[in-house]
Structures are given as structure tokens and as C-alpha cells.
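Shown next: target-v4.txt, given as compact mmCIF, C-alpha atoms and all ligand atoms.
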```txt
# COMPACT_ATOMS: atom_id res chain seq x y z
CA MET A 1 100.74 37.55 78.64
CA LYS A 2 103.26 34.77 78.12
CA VAL A 3 105.42 32.78 80.53
CA LEU A 4 108.97 32.04 79.32
CA LYS A 5 111.11 29.55 81.21
CA PHE A 6 114.86 29.40 80.62
CA GLY A 7 116.74 26.31 81.80
CA GLY A 8 120.24 25.96 83.22
CA THR A 9 122.18 25.90 79.95
CA SER A 10 120.13 28.86 78.66
CA VAL A 11 121.31 30.98 81.60
CA GLY A 12 124.66 29.21 81.94
CA THR A 13 127.04 31.52 80.10
CA ALA A 14 127.36 35.15 79.06
CA GLU A 15 126.66 34.16 75.44
CA SER A 16 123.48 32.25 76.26
CA LEU A 17 122.27 35.03 78.58
CA THR A 18 122.72 37.49 75.74
CA ASN A 19 120.35 35.29 73.70
CA VAL A 20 117.90 35.26 76.64
CA LYS A 21 117.90 39.06 76.71
CA GLN A 22 117.21 39.25 72.98
CA ILE A 23 114.42 36.69 73.17
CA VAL A 24 112.71 38.51 76.06
CA ASN A 25 113.12 41.95 74.50
CA ALA A 26 111.65 40.68 71.22
CA CYS A 27 108.36 39.73 72.96
CA LYS A 28 105.47 42.07 72.20
CA GLY A 29 103.15 41.80 75.21
CA GLN A 30 103.78 41.24 78.90
CA VAL A 31 106.17 38.41 79.84
CA ILE A 32 106.96 36.53 83.02
CA VAL A 33 110.45 35.06 82.87
CA VAL A 34 111.18 32.01 85.03
CA VAL A 35 114.82 31.04 85.40
CA SER A 36 116.80 28.02 86.55
CA ALA A 37 120.18 28.22 88.26
CA LEU A 38 123.22 28.70 86.03
CA GLY A 39 123.91 25.28 84.44
CA GLY A 40 125.67 22.92 86.83
CA VAL A 41 125.29 25.19 89.88
CA THR A 42 122.52 23.18 91.57
CA ASN A 43 124.76 20.10 91.45
CA GLN A 44 127.67 22.09 92.84
CA LEU A 45 125.57 23.50 95.70
CA LEU A 46 124.57 19.96 96.72
CA GLN A 47 128.07 18.62 96.22
CA MET A 48 129.44 21.30 98.57
CA ALA A 49 126.86 20.26 101.18
CA ASP A 50 128.11 16.66 100.88
CA MET A 51 131.70 17.87 101.25
CA ALA A 52 130.93 20.02 104.28
CA GLU A 53 129.07 17.16 105.94
CA ALA A 54 132.01 14.85 105.23
CA HIS A 55 134.27 17.45 106.85
CA ASP A 56 136.07 18.09 103.56
CA GLU A 57 137.19 21.70 103.64
CA LYS A 58 137.45 21.86 99.84
CA TRP A 59 133.83 23.12 99.81
CA GLU A 60 135.29 26.60 100.29
CA GLN A 61 137.28 26.29 97.07
CA VAL A 62 134.19 25.20 95.11
CA LEU A 63 132.18 28.07 96.60
CA ALA A 64 134.89 30.52 95.53
CA GLU A 65 134.63 29.12 91.97
CA VAL A 66 130.84 29.43 91.97
CA LYS A 67 131.13 33.03 93.16
CA GLU A 68 133.77 33.84 90.53
CA ARG A 69 131.56 32.42 87.77
CA HIS A 70 128.60 34.57 88.78
CA MET A 71 130.76 37.69 89.03
CA LYS A 72 132.24 37.11 85.57
CA VAL A 73 128.78 36.66 84.09
CA ILE A 74 127.67 39.94 85.70
CA ASP A 75 130.68 41.73 84.17
CA ALA A 76 129.69 40.38 80.77
CA VAL A 77 125.90 40.80 80.68
CA VAL A 78 124.70 43.36 83.24
CA PRO A 79 124.79 47.01 82.09
CA GLU A 80 127.68 48.81 83.77
CA GLU A 81 125.52 51.12 85.87
CA ARG A 82 123.86 48.12 87.59
CA GLN A 83 126.92 45.86 87.96
CA ALA A 84 128.16 47.02 91.37
CA GLN A 85 124.75 46.65 92.95
CA CYS A 86 124.18 43.24 91.39
CA LYS A 87 127.58 42.04 92.57
CA ALA A 88 126.89 43.26 96.10
CA VAL A 89 123.61 41.32 96.14
CA ILE A 90 125.31 38.09 95.00
CA GLU A 91 128.14 38.66 97.46
CA GLY A 92 125.53 38.94 100.25
CA PHE A 93 123.79 35.67 99.26
CA ILE A 94 127.15 33.91 99.33
CA SER A 95 128.82 35.36 102.41
CA GLU A 96 125.72 35.74 104.60
CA GLY A 97 123.70 32.78 103.32
CA LEU A 98 125.70 29.98 101.74
CA TYR A 99 128.90 30.45 103.69
CA SER A 100 127.17 30.19 107.04
CA TYR A 101 124.99 27.22 106.00
CA TYR A 102 128.00 25.22 104.80
CA GLY A 103 129.89 26.33 107.91
CA MET A 104 127.15 24.84 110.10
CA LEU A 105 127.23 21.52 108.24
CA PHE A 106 131.02 21.48 108.42
CA ALA A 107 131.29 22.32 112.11
CA ASN A 108 128.42 20.22 113.55
CA SER A 109 128.56 16.60 112.51
CA GLN A 110 125.89 15.75 115.11
CA LEU A 111 123.13 17.91 113.63
CA PRO A 112 119.74 16.15 113.53
CA ALA A 113 118.93 14.72 110.08
CA ALA A 114 115.81 16.88 109.69
CA TYR A 115 117.81 20.04 110.36
CA LYS A 116 120.45 18.99 107.83
CA GLU A 117 117.67 18.56 105.26
CA GLN A 118 116.39 22.07 106.01
CA LEU A 119 119.89 23.45 105.54
CA ARG A 120 120.22 21.64 102.22
CA ASP A 121 116.89 23.04 100.99
CA ALA A 122 117.99 26.54 102.01
CA ILE A 123 121.35 26.00 100.29
CA VAL A 124 119.99 24.63 97.02
CA SER A 125 117.55 27.54 96.64
CA HIS A 126 120.50 29.89 96.17
CA GLY A 127 121.16 28.72 92.59
CA GLU A 128 117.90 30.23 91.33
CA ILE A 129 118.08 33.17 93.75
CA MET A 130 121.44 34.18 92.26
CA SER A 131 120.59 33.53 88.59
CA SER A 132 117.32 35.48 88.86
CA ALA A 133 119.14 38.45 90.43
CA ILE A 134 121.45 38.51 87.40
CA VAL A 135 118.65 38.15 84.84
CA THR A 136 116.63 40.91 86.56
CA SER A 137 119.61 43.28 86.47
CA MET A 138 120.39 42.36 82.88
CA ILE A 139 116.98 43.40 81.46
CA ASP A 140 115.96 47.07 81.55
CA GLY A 141 112.87 47.64 83.68
CA ALA A 142 112.49 43.99 84.76
CA VAL A 143 110.51 43.56 87.99
CA PRO A 144 111.79 40.90 90.43
CA HIS A 145 109.44 38.48 92.19
CA TYR A 146 110.42 36.05 94.95
CA ALA A 147 108.88 32.65 94.14
CA PRO A 148 108.69 31.32 97.75
CA ASN A 149 106.15 34.09 98.40
CA PHE A 150 103.67 32.41 96.07
CA ILE A 151 104.87 28.85 95.27
CA LYS A 152 103.91 26.92 98.41
CA THR A 153 104.37 23.30 99.38
CA LYS A 154 103.27 21.24 102.35
CA ASP A 155 104.20 17.81 103.65
CA VAL A 156 101.43 15.24 103.84
CA ASP A 157 102.35 11.80 105.18
CA TYR A 158 106.02 12.71 104.69
CA GLU A 159 105.42 13.52 101.03
CA ARG A 160 105.98 17.03 99.74
CA ILE A 161 103.03 18.26 97.69
CA LEU A 162 101.92 21.57 96.24
CA ASP A 163 99.74 23.70 98.52
CA ASN A 164 96.49 24.69 96.77
CA ARG A 165 96.88 28.29 97.90
CA THR A 166 99.65 28.62 95.30
CA PHE A 167 97.21 29.55 92.51
CA GLU A 168 95.55 32.32 94.51
CA LEU A 169 98.93 33.66 95.64
CA ILE A 170 100.25 33.75 92.05
CA THR A 171 97.18 35.72 90.99
CA LYS A 172 97.72 38.18 93.83
CA GLU A 173 101.42 38.55 93.05
CA PHE A 174 101.08 39.25 89.33
CA GLY A 175 97.46 40.33 88.86
CA GLY A 176 96.99 43.94 87.78
CA ARG A 177 100.71 44.53 87.16
CA LEU A 178 101.34 46.50 84.02
CA GLU A 179 105.14 46.34 83.68
CA PRO A 180 106.21 44.47 80.53
CA VAL A 181 108.84 42.14 82.06
CA HIS A 182 108.75 40.20 85.32
CA VAL A 183 111.45 37.78 86.51
CA THR A 184 111.21 35.02 89.08
CA GLN A 185 112.94 31.82 90.19
CA GLY A 186 111.94 28.38 89.03
CA PHE A 187 112.20 25.34 91.31
CA ILE A 188 112.16 27.05 94.71
CA ALA A 189 109.24 27.24 97.09
CA GLU A 190 108.28 27.64 100.73
CA ASP A 191 106.55 25.31 103.16
CA SER A 192 103.23 26.99 103.93
CA THR A 193 103.10 25.55 107.45
CA ASN A 194 106.54 26.53 108.77
CA GLY A 195 108.03 29.04 106.32
CA GLN A 196 111.02 26.82 105.54
CA LYS A 197 112.57 26.96 102.09
CA THR A 198 111.55 23.97 99.92
CA ASN A 199 111.57 23.11 96.22
CA LEU A 200 109.60 21.31 93.53
CA GLY A 201 112.20 18.59 92.87
CA ARG A 202 115.10 18.43 90.42
CA GLY A 203 114.09 19.88 87.06
CA GLY A 204 111.19 21.65 88.79
CA SER A 205 111.56 25.06 87.13
CA ASP A 206 109.36 23.86 84.26
CA PHE A 207 106.62 23.14 86.81
CA THR A 208 106.95 26.61 88.40
CA ALA A 209 106.48 28.17 84.98
CA ALA A 210 103.43 25.98 84.27
CA LEU A 211 101.82 26.89 87.59
CA ILE A 212 102.25 30.59 86.87
CA ALA A 213 100.94 30.20 83.31
CA ALA A 214 97.89 28.24 84.50
CA ALA A 215 97.06 30.57 87.40
CA LEU A 216 97.22 33.63 85.15
CA ASP A 217 95.58 32.06 82.07
CA ALA A 218 98.64 32.93 80.02
CA GLU A 219 98.34 32.89 76.22
CA SER A 220 101.26 30.43 76.10
CA LEU A 221 104.04 28.78 78.06
CA GLU A 222 107.45 28.68 76.37
CA ILE A 223 110.08 26.24 77.62
CA TRP A 224 113.41 27.57 76.30
CA THR A 225 116.12 24.91 76.43
CA ASP A 226 119.18 23.64 74.56
CA VAL A 227 117.57 21.54 71.79
CA ASP A 228 115.38 22.46 68.82
CA GLY A 229 112.18 21.10 70.35
CA PHE A 230 110.58 17.96 71.76
CA MET A 231 112.28 15.18 69.80
CA THR A 232 111.49 11.60 68.87
CA THR A 233 114.11 10.49 71.40
CA ASP A 234 116.99 11.98 73.46
CA PRO A 235 119.33 13.65 70.93
CA ARG A 236 122.25 13.25 73.35
CA THR A 237 122.14 9.50 73.03
CA HIS A 238 120.46 9.24 69.60
CA PRO A 239 121.99 11.72 67.13
CA ASN A 240 119.36 10.90 64.50
CA ALA A 241 116.50 12.10 66.74
CA THR A 242 114.17 14.54 64.95
CA VAL A 243 111.97 17.37 66.21
CA ILE A 244 108.25 16.63 66.60
CA PRO A 245 106.55 19.83 65.31
CA GLU A 246 103.23 19.28 67.10
CA MET A 247 102.06 17.00 69.90
CA THR A 248 99.02 16.65 72.14
CA TYR A 249 99.38 17.03 75.90
CA ALA A 250 98.73 13.30 76.24
CA GLN A 251 101.45 12.35 73.74
CA ALA A 252 103.99 14.64 75.39
CA GLN A 253 102.99 13.45 78.87
CA GLU A 254 103.52 9.85 77.84
CA MET A 255 107.02 10.63 76.59
CA CYS A 256 107.84 12.61 79.76
CA GLU A 257 106.74 9.67 81.86
CA ALA A 258 108.95 7.42 79.74
CA GLY A 259 111.91 9.64 80.64
CA ALA A 260 112.05 12.53 78.12
CA LYS A 261 113.84 14.99 80.39
CA VAL A 262 113.11 18.00 78.18
CA ILE A 263 109.96 18.69 80.24
CA TYR A 264 109.66 17.85 83.95
CA THR A 265 106.84 15.30 84.28
CA PRO A 266 104.38 17.27 86.52
CA THR A 267 104.53 20.30 84.20
CA LEU A 268 101.85 19.59 81.60
CA GLY A 269 98.92 18.89 83.97
CA PRO A 270 98.15 22.48 85.04
CA VAL A 271 98.50 23.94 81.54
CA ALA A 272 96.53 21.15 79.85
CA ILE A 273 93.55 21.85 82.12
CA LYS A 274 93.61 25.48 80.97
CA HIS A 275 94.25 24.56 77.28
CA ILE A 276 97.39 26.73 77.26
CA PRO A 277 99.73 25.90 74.36
CA VAL A 278 103.26 24.90 75.41
CA TRP A 279 106.15 25.67 73.08
CA VAL A 280 109.54 23.98 73.41
CA LYS A 281 112.18 26.23 71.85
CA ASN A 282 115.96 26.44 71.55
CA THR A 283 117.68 29.43 73.22
CA PHE A 284 120.70 28.75 71.00
CA ASN A 285 118.63 28.64 67.80
CA PRO A 286 115.61 30.89 68.41
CA SER A 287 114.53 30.99 64.78
CA ALA A 288 113.88 27.23 64.77
CA ARG A 289 110.11 26.75 65.05
CA GLY A 290 110.28 24.28 67.94
CA THR A 291 107.45 22.05 69.17
CA VAL A 292 103.97 23.09 70.15
CA ILE A 293 101.98 20.95 72.60
CA LEU A 294 98.21 21.45 72.61
CA ASP A 295 94.77 19.82 72.65
CA PRO A 296 93.95 17.20 69.98
CA LYS A 297 92.21 18.72 66.94
P1 LIG A 301 116.96 22.64 80.88
O1 LIG A 301 118.20 22.87 81.66
O2 LIG A 301 116.74 23.66 79.79
O3 LIG A 301 115.75 22.40 81.72
P2 LIG A 301 117.17 19.77 80.47
O4 LIG A 301 118.56 19.23 80.45
O5 LIG A 301 116.35 19.56 81.68
O6 LIG A 301 117.23 21.31 80.05
O7 LIG A 301 116.33 19.18 79.22
C1 LIG A 301 116.86 19.30 77.92
C2 LIG A 301 117.55 18.00 77.55
O8 LIG A 301 116.60 16.96 77.54
C3 LIG A 301 118.14 17.99 76.17
O9 LIG A 301 119.44 18.54 76.14
C4 LIG A 301 118.11 16.51 75.80
O10 LIG A 301 119.36 15.91 75.95
C5 LIG A 301 117.18 15.90 76.83
N1 LIG A 301 116.10 15.11 76.23
C6 LIG A 301 115.73 13.85 76.62
N2 LIG A 301 114.73 13.40 75.86
C7 LIG A 301 114.43 14.36 74.96
C8 LIG A 301 113.46 14.49 73.93
N3 LIG A 301 112.58 13.51 73.65
N4 LIG A 301 113.43 15.65 73.23
C9 LIG A 301 114.29 16.64 73.48
N5 LIG A 301 115.23 16.57 74.45
C10 LIG A 301 115.30 15.45 75.20
N1 LIG A 302 118.11 24.11 89.08
C1 LIG A 302 117.22 23.00 89.37
C2 LIG A 302 117.86 21.70 88.93
O1 LIG A 302 119.00 21.71 88.45
C3 LIG A 302 115.85 23.18 88.78
C4 LIG A 302 115.78 23.25 87.27
O2 LIG A 302 116.80 23.45 86.62
O3 LIG A 302 114.68 23.10 86.74
O4 LIG A 302 117.27 20.68 89.11
MG MG A 303 115.00 20.74 82.74
```

Structure translated into C-alpha cells:
Amino acid sequence: MKVLKFGGTSVGTAESLTNVKQIVNACKGQVIVVVSALGGVTNQLLQMADMAEAHDEKWEQVLAEVKERHMKVIDAVVPEERQAQCKAVIEGFISEGLYSYYGMLFANSQLPAAYKEQLRDAIVSHGEIMSSAIVTSMIDGAVPHYAPNFIKTKDVDYERILDNRTFELITKEFGGRLEPVHVTQGFIAEDSTNGQKTNLGRGGSDFTAALIAAALDAESLEIWTDVDGFMTTDPRTHPNATVIPEMTYAQAQEMCEAGAKVIYTPTLGPVAIKHIPVWVKNTFNPSARGTVILDPK
């Protein structure tokens, strides 16, 4: 069994989602697909919260654009017989969830800060909830899984940390399942003490995928992104950056800590302990070999 994580740009457009479908369908054994929100949507969700709090009614316009984008993607990538149902699901998340949360922020400027934070966490989870609904509908036979049921956090001394029960819950959720393709959300989680929606921090979908891979002793973790692999430096700022074909966990961890955004810093720990190889691959160029991260020889 493999865990494949697709980042925001990989699920950001109809064209990239078509690549995702091909990559998943080309896998031989069982796969668990972990998805981020459509590229840019997490920022928009938070920006709308800022607008609503600042009593700027333009949040409604942005929400309409976000909705339109998801609907257009469904038209383009979801098989016709599942489109209406998928659209109804997204419509529900927007009109019953997001619309009312933003409405509360907009209408009640005196809300306690802690409650506003809870609303923001609930709001921001919708990016992955919507993208995963689309990816599940797009792939024949894909089984949906709701990450807050098994990715748990708790607050200790005001710091949000992973709840240890997460590993056991992942095993329960996926253990013994025989279906070839499973889809779940990256990033989002639930507070194990109060059931509130939480998350693993910006960029946290990589970490979700690593936790699932480690708990299930996956044969590999594949981080599918928008560059050909882990590179010597950020190719956005250094066009002469080159792909590093092979790295140890320690080498990759050092570069993550120095700011290489391609992998979220907490990701490698859980997979390194289990000696699970991590591949960094390009959704837009799947035949490129990519980078493999593993134990030193
Ligand atoms: P995703 O949405 O797939 O999670 P991210 O934007 O989080 O993608 O990470 C991929 C980006 O990381 C690349 O587009 C690249 O600009 C940036 N990056 C920074 N440092 C590196 C590096 N050393 N190797 C590869 N990419 C890097
Ligand atoms: N969607 C979240 C973010 O933009 C998580 C992720 O992409 O990994 O930070
Ligand atoms: Mg990322």
C-alpha cells in the first residue's frame, strides 16, 4: 500500500486533476490519496474571514468566485453521472457551512477571540473538505474518509500538538479495507478533547500523509507537487536549481528546517522512524524520476 499526497497546484485546475486521476489509476496496489485544497483556496478562505471581521461585505463576492471555481472543475473532471451529486455536496458545504460562519463573523464584531479562532478553524477546513469531495467523485470506486475522525490534536500549554491516539485511529480507519483507492483530506484535524475542528498548520497536508503512511507501514509515501523533485535550492528564486536524485532523511530534514518548502518540516519524522521511502514527484511531469528520501546506505 502506498500513500500519495497531492498539493494545492496538483489539484488546482481541471488539467492538473486529470493528471492526478491518471497517476492514481496507474498505481498497481492499494493507494491512499491525501489532498490539499485547490491552489490558493486556503488563502482565500482566510482572507474572507478577515474581510467579514472587518465588516467588508465583499467576502460574499469572493465566496461566489470560490464556489464558481469548484463547480467549473466538477464540470470538467467528474464523470457526468456523478456531477449533480458532487455539486449538491459542495453547494451544501458553502451555503450551510461557510456562508453561516462568515455571516457570524460579519454580524458580531464583539465575538470573543477564542470563538473567532474556532470559526476560522472551521472555515479553513472547508478547502480540503471540498477538494477531497471532488477527487473522490472523480475516481471510479474511490472510498472517502474524513480526516478529523482519525487525525487528532490537543492543546497543551496553549500549544497545539498531535494526539497520540492518531496512530491507533488511522489503523482502525484503514485496516482491513480491501478497496484499491481511498481519498482523504490533508491538513485538517479535530481536537480530541472538545471535538472542534483544528488543523496541522499551513502546509500540513504533507504531515497528514506521513502520519497515515507511518501508521499503516506503507511501502512508500509519494509527495506529488509542482517541481521535478527536491532541488538544491528553491527553483522559483534560483532558476539554475537542480534535482537531487537521492537524499537521506537527515539531509532532507536539514533543508526543510532551512526553509525548503517542498516538504512541511514535521513530515519526515514519522516516516523516518518506520524507514518508509519518501518520493517527491511532479504531477505535471510524472515521468521525471523525482527524488527519493531514505536511510543512509
Ligand atoms: P504543494 O502545494 O504541492 O504542497 P508547495 O508550494 O508547498 O507545494 O511546495 C512546492 C514548492 O516548494 C515549489 O514550487 C518550490 O518553489 C518550493 N521549494 C522551495 N525550496 C525547494 C527545494 N529545495 N526543492 C524543491 N522545491 C522547493
Ligand atoms: N491547504 C493548506 C495550506 O494551504 C494545507 C496544505 O496545502 O498542505 O496550507
Ligand atoms: Mg506544501

*asked:* Taking all atoms listed in the file and a cut-off of 7 Å, can you tell me which residues surround ligand LIG 301 (chain A), written as a ChimeraX atom specification?
replied: /A:6-10,39,203,224-227,229-236,255,259-263

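In terms of minimum interatomic distance to Val78 of chain A, A:Ala14 ranks closest within A:Leu4, A:Ala14, A:Ile123, A:Ile223, counting only C-alpha atoms.
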
_Atom pair atom CA of Pro296 of chain A / atom CA of Leu221 of chain A: separation (Å)_ =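 Computed distance, atom CA of Pro296 of chain A to atom CA of Leu221 of chain A, equals 17.4 Å.
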
*Near Gly141 of chain A, counting all atoms listed in the file, which residues have an atom at most 9 Å away, once you skip same-chain residues fewer than 5 positions from it, shown as an MDAnalysis selection string?*
chainID A and resid 136 179:182

*Distance criterion (only C-alpha atoms): nearest to Gly175 of chain A out of A:Ala54, A:Ala88, A:Ile151, A:Leu216*: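 Ranking A:Ala54, A:Ala88, A:Ile151, A:Leu216 by distance to Gly175 of chain A, first place goes to A:Leu216.
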